[in-house]
Amino acid sequence: MSPPRPDTGDKRPRNDLQTIRTLLPYLWPKDSFELRLRVVVALSLLAIAKVANVYTPMLYKEAVDQLSPAAGVTTILAVPVLLIIGYGVARVLALAFGEMRDFFFAKVAARAIRQSALKTFEHLHALALRFHLERQTGGVSRAIERGVKGIDFLLRFMLFNILPTLLEVLMVCGILIWLYDISFAIVTFLTIMAYIAYTLVVTEWRIKFRRRMNEKDSEANTKAIDSLLNFETVKYFGNEEHEARRFDASLRDYEHASVLSNTSLALVNIGQGAIIAVGLTVVMILAGQGVADGTMTVGDFVLVNTYLIQLYLPLNFLGFVYREIKQSLADMESMFSLLREDAEISDKPDAPALTVSGGEVAFRNVTFSYESNRQILHGVDFIVPAGRTTAIVGPSGAGKSTISRILFRFYDVDGGAVTIDGQDIRDITQKSLRATIGIVPQDTVLFNDSIYYNIAYGRPAASREEVEEAARLARIHDFVSSLPEGYDTKVGERGLKLSGGEKQRVAIARTILKKPDILLFDEATSALDSQTEREIQASLREVSANRTTLVIAHRLSTIIDSDEILVLEAGRIVERGAHSELLETDGVYAKMWRRQQEAAEAEKTLAGAIADGALRPT
């Protein structure tokens, strides 16, 4: 029985405070005094900007008082010019300090976004193959993308909008208590709190409409793209109307959710306006009564009105900001949750690098399973001596490709051990292990870049001459040179602009350039025609000379020169020996050989008939 698979990380949902706490180290980096200084300066400028913002209406009040008839102003020269200039300067300073705050904090925010995205990206590459096989790549990419945008929004709006506004509310209430009766502060505070509470409650209620609208938008978009990608299939079956009905069903649901979302927004705006109107009315009544009693001036009346409106303006978009902040925190949590995924395959503390003295590969009684209830390998035991070639053959599902994944340590074995020159691959660093092995996989995937980049990926520091020499050995240099853009030709997404054979030759050139001590060919010539296959087989023999080579093959004709051939069935080695020995045994391998020879003869006969005109190709 195989041991249970390791847990892939803490999947428990975390609250918003924990998500923010995860972000804080990126905003206060221990290894950068400059960035921490920028945070301090930015927060100081934020405080100064708020003080200037709160003090500005007081200058306005003084100017109004001195311009009132009671002050005895008779000529323009008596106008308090300095107060008006001071009012203008204060407004400019409030704006300037706010912009300077952004100037100093911009680098901190950009670095936090960069470091968090980079750490997540690096962690994804550190995760085991199991994670990437089970997770949709597009979903992971979107999680990082939305998480980065969420951090950006949170820093811009929560740090420099919501929190400063709450600070301003407290400062204004303190000034009103200091200058006037406490009732002004109470009314102002209660108005703002009622405004915030109403906005948050109604926005939380509206979120379900917005969420449903987004879901239906995504659903309609998915159906449209899926239908257009399968354009030919739709036409084959004449299902245009069926596709239109499916698309319209999603659009109808989106329309309904959109109407509810937009009409409910009117309720938010009406309620917000009513709360502010009531608050302003009560404050104006109190101030008007104070002016009538002689305890307040006209300037005081203007001041309290200005303060309440000044506090209202930044809260005008509170519903939008609150909804977006909640979404940003959810997106950030999705990204940060990736960091909690267990790597499963990790280096031991102080693990040494692999020391290659010859390149002997040994599988010693290896057992393995992807799932605990389905074992793949059963006691697989073999040795590939240094500089020799061993081939592994067998039907699909026998476990051939699993052996290559284990050798690269994409998975750890359940039992037994895999060693290179006597060193257990679990005891050495993964980087040194993978630097020692070169692979040409069956399914070659290329980067959406130039042919040169894809070949040079085997050893990025290689010179152009070395890259072209590797291409010559892989029999692809002449083809590349014939292209209009030569080695600068883009291969397209996943290399789709190249044929299967061309892609495989690029992969072979890439591995040749790497110059590994151990070579692994996993159906390396499966996508090639017979002529090209023979040419590349000769190149592979040249490249693998004096190198330990493990060949996973389907075409038995490509491995007849191997020093040893292992026949794998249902995860067990059922036969082993050289090609001639296995034919003499007349077992599983011999039957496979006869079937393939008969198929090759039939194919040759068919090709001859077509060439003679007896048959027409279909």
# chains A, B, ... in the order shown; residues from 1 in each chain; ligands from 1
call {"tool": "residues_around", "arguments": {"residues": "Glu581 of chain A", "least_positions_apart": "6", "cutoff": "12 Å", "atoms": "only C-alpha atoms", "output": "ChimeraX atom specification"}}
result
/A:560,562-566,575,587,589-590
call {"tool": "write_last_selection", "arguments": {"atoms": "all heavy atoms", "output": "PDB file, in the first residue's frame"}}
result
ATOM      1  N   ILE A 560      17.126  -1.160 -31.584  1.00  0.00           N
ATOM      2  CA  ILE A 560      17.732  -2.498 -31.719  1.00  0.00           C
ATOM      3  C   ILE A 560      19.216  -2.497 -31.360  1.00  0.00           C
ATOM      4  O   ILE A 560      19.790  -3.544 -31.046  1.00  0.00           O
ATOM      5  CB  ILE A 560      17.537  -3.053 -33.147  1.00  0.00           C
ATOM      6  CG1 ILE A 560      18.123  -2.104 -34.180  1.00  0.00           C
ATOM      7  CG2 ILE A 560      16.067  -3.311 -33.424  1.00  0.00           C
ATOM      8  CD1 ILE A 560      18.033  -2.635 -35.613  1.00  0.00           C
ATOM      9  N   SER A 562      20.470  -0.921 -28.766  1.00  0.00           N
ATOM     10  CA  SER A 562      20.630  -0.643 -27.330  1.00  0.00           C
ATOM     11  C   SER A 562      21.378  -1.777 -26.644  1.00  0.00           C
ATOM     12  O   SER A 562      21.254  -2.952 -27.034  1.00  0.00           O
ATOM     13  CB  SER A 562      19.255  -0.461 -26.675  1.00  0.00           C
ATOM     14  OG  SER A 562      18.558   0.612 -27.269  1.00  0.00           O
ATOM     15  N   ASP A 563      22.153  -1.422 -25.635  1.00  0.00           N
ATOM     16  CA  ASP A 563      22.901  -2.441 -24.890  1.00  0.00           C
ATOM     17  C   ASP A 563      21.955  -3.373 -24.137  1.00  0.00           C
ATOM     18  O   ASP A 563      22.234  -4.565 -23.992  1.00  0.00           O
ATOM     19  CB  ASP A 563      23.850  -1.753 -23.902  1.00  0.00           C
ATOM     20  CG  ASP A 563      24.896  -0.927 -24.622  1.00  0.00           C
ATOM     21  OD1 ASP A 563      25.664  -1.488 -25.423  1.00  0.00           O
ATOM     22  OD2 ASP A 563      24.930   0.308 -24.412  1.00  0.00           O
ATOM     23  N   GLU A 564      20.843  -2.814 -23.663  1.00  0.00           N
ATOM     24  CA  GLU A 564      19.845  -3.636 -22.984  1.00  0.00           C
ATOM     25  C   GLU A 564      18.472  -3.055 -23.259  1.00  0.00           C
ATOM     26  O   GLU A 564      18.291  -1.840 -23.329  1.00  0.00           O
ATOM     27  CB  GLU A 564      20.094  -3.690 -21.469  1.00  0.00           C
ATOM     28  CG  GLU A 564      19.122  -4.623 -20.750  1.00  0.00           C
ATOM     29  CD  GLU A 564      19.388  -4.728 -19.247  1.00  0.00           C
ATOM     30  OE1 GLU A 564      19.729  -3.688 -18.642  1.00  0.00           O
ATOM     31  OE2 GLU A 564      19.249  -5.829 -18.699  1.00  0.00           O
ATOM     32  N   ILE A 565      17.509  -3.958 -23.411  1.00  0.00           N
ATOM     33  CA  ILE A 565      16.127  -3.550 -23.633  1.00  0.00           C
ATOM     34  C   ILE A 565      15.285  -4.120 -22.491  1.00  0.00           C
ATOM     35  O   ILE A 565      15.357  -5.318 -22.200  1.00  0.00           O
ATOM     36  CB  ILE A 565      15.598  -4.063 -24.992  1.00  0.00           C
ATOM     37  CG1 ILE A 565      16.429  -3.449 -26.140  1.00  0.00           C
ATOM     38  CG2 ILE A 565      14.125  -3.694 -25.159  1.00  0.00           C
ATOM     39  CD1 ILE A 565      16.108  -4.045 -27.493  1.00  0.00           C
ATOM     40  N   LEU A 566      14.494  -3.253 -21.859  1.00  0.00           N
ATOM     41  CA  LEU A 566      13.596  -3.667 -20.789  1.00  0.00           C
ATOM     42  C   LEU A 566      12.175  -3.654 -21.323  1.00  0.00           C
ATOM     43  O   LEU A 566      11.734  -2.664 -21.922  1.00  0.00           O
ATOM     44  CB  LEU A 566      13.695  -2.715 -19.585  1.00  0.00           C
ATOM     45  CG  LEU A 566      15.096  -2.433 -19.041  1.00  0.00           C
ATOM     46  CD1 LEU A 566      15.028  -1.410 -17.909  1.00  0.00           C
ATOM     47  CD2 LEU A 566      15.745  -3.721 -18.537  1.00  0.00           C
ATOM     48  N   GLU A 575      10.603  -8.743 -19.226  1.00  0.00           N
ATOM     49  CA  GLU A 575      11.711  -9.291 -20.005  1.00  0.00           C
ATOM     50  C   GLU A 575      12.830  -8.269 -20.054  1.00  0.00           C
ATOM     51  O   GLU A 575      12.581  -7.066 -19.975  1.00  0.00           O
ATOM     52  CB  GLU A 575      11.273  -9.617 -21.445  1.00  0.00           C
ATOM     53  CG  GLU A 575      10.306 -10.773 -21.563  1.00  0.00           C
ATOM     54  CD  GLU A 575       9.901 -11.039 -23.003  1.00  0.00           C
ATOM     55  OE1 GLU A 575      10.389 -10.323 -23.916  1.00  0.00           O
ATOM     56  OE2 GLU A 575       9.091 -11.942 -23.230  1.00  0.00           O
ATOM     57  N   GLY A 587       9.239 -14.168 -26.591  1.00  0.00           N
ATOM     58  CA  GLY A 587       8.258 -13.784 -25.581  1.00  0.00           C
ATOM     59  C   GLY A 587       7.478 -12.537 -26.000  1.00  0.00           C
ATOM     60  O   GLY A 587       7.135 -12.357 -27.176  1.00  0.00           O
ATOM     61  N   TYR A 589       8.404  -9.375 -26.178  1.00  0.00           N
ATOM     62  CA  TYR A 589       9.128  -8.493 -27.097  1.00  0.00           C
ATOM     63  C   TYR A 589       9.076  -9.032 -28.525  1.00  0.00           C
ATOM     64  O   TYR A 589       8.849  -8.278 -29.482  1.00  0.00           O
ATOM     65  CB  TYR A 589      10.579  -8.338 -26.645  1.00  0.00           C
ATOM     66  CG  TYR A 589      11.409  -7.435 -27.538  1.00  0.00           C
ATOM     67  CD1 TYR A 589      11.412  -6.052 -27.354  1.00  0.00           C
ATOM     68  CD2 TYR A 589      12.210  -7.965 -28.557  1.00  0.00           C
ATOM     69  CE1 TYR A 589      12.170  -5.222 -28.166  1.00  0.00           C
ATOM     70  CE2 TYR A 589      12.968  -7.155 -29.385  1.00  0.00           C
ATOM     71  CZ  TYR A 589      12.951  -5.776 -29.186  1.00  0.00           C
ATOM     72  OH  TYR A 589      13.695  -4.959 -29.986  1.00  0.00           O
ATOM     73  N   ALA A 590       9.287 -10.317 -28.675  1.00  0.00           N
ATOM     74  CA  ALA A 590       9.279 -10.928 -30.009  1.00  0.00           C
ATOM     75  C   ALA A 590       7.915 -10.759 -30.681  1.00  0.00           C
ATOM     76  O   ALA A 590       7.836 -10.492 -31.895  1.00  0.00           O
ATOM     77  CB  ALA A 590       9.648 -12.399 -29.907  1.00  0.00           C
TER      78      ALA A 590
END
call {"tool": "closest_residue", "arguments": {"among": "A:Met335, A:Val356, A:Ala470, A:Ala398", "to": "Leu433 of chain A", "atoms": "only C-alpha atoms"}}
result
A:Val356
call {"tool": "atom_distance", "arguments": {"atom1": "atom CA of Leu540 of chain A", "atom2": "atom CA of Lys503 of chain A"}}
result
15.9 Å
call {"tool": "closest_residue", "arguments": {"among": "A:Leu315, A:Leu339, A:Leu519, A:Leu83", "to": "Val361 of chain A", "atoms": "only C-alpha atoms"}}
result
A:Leu519
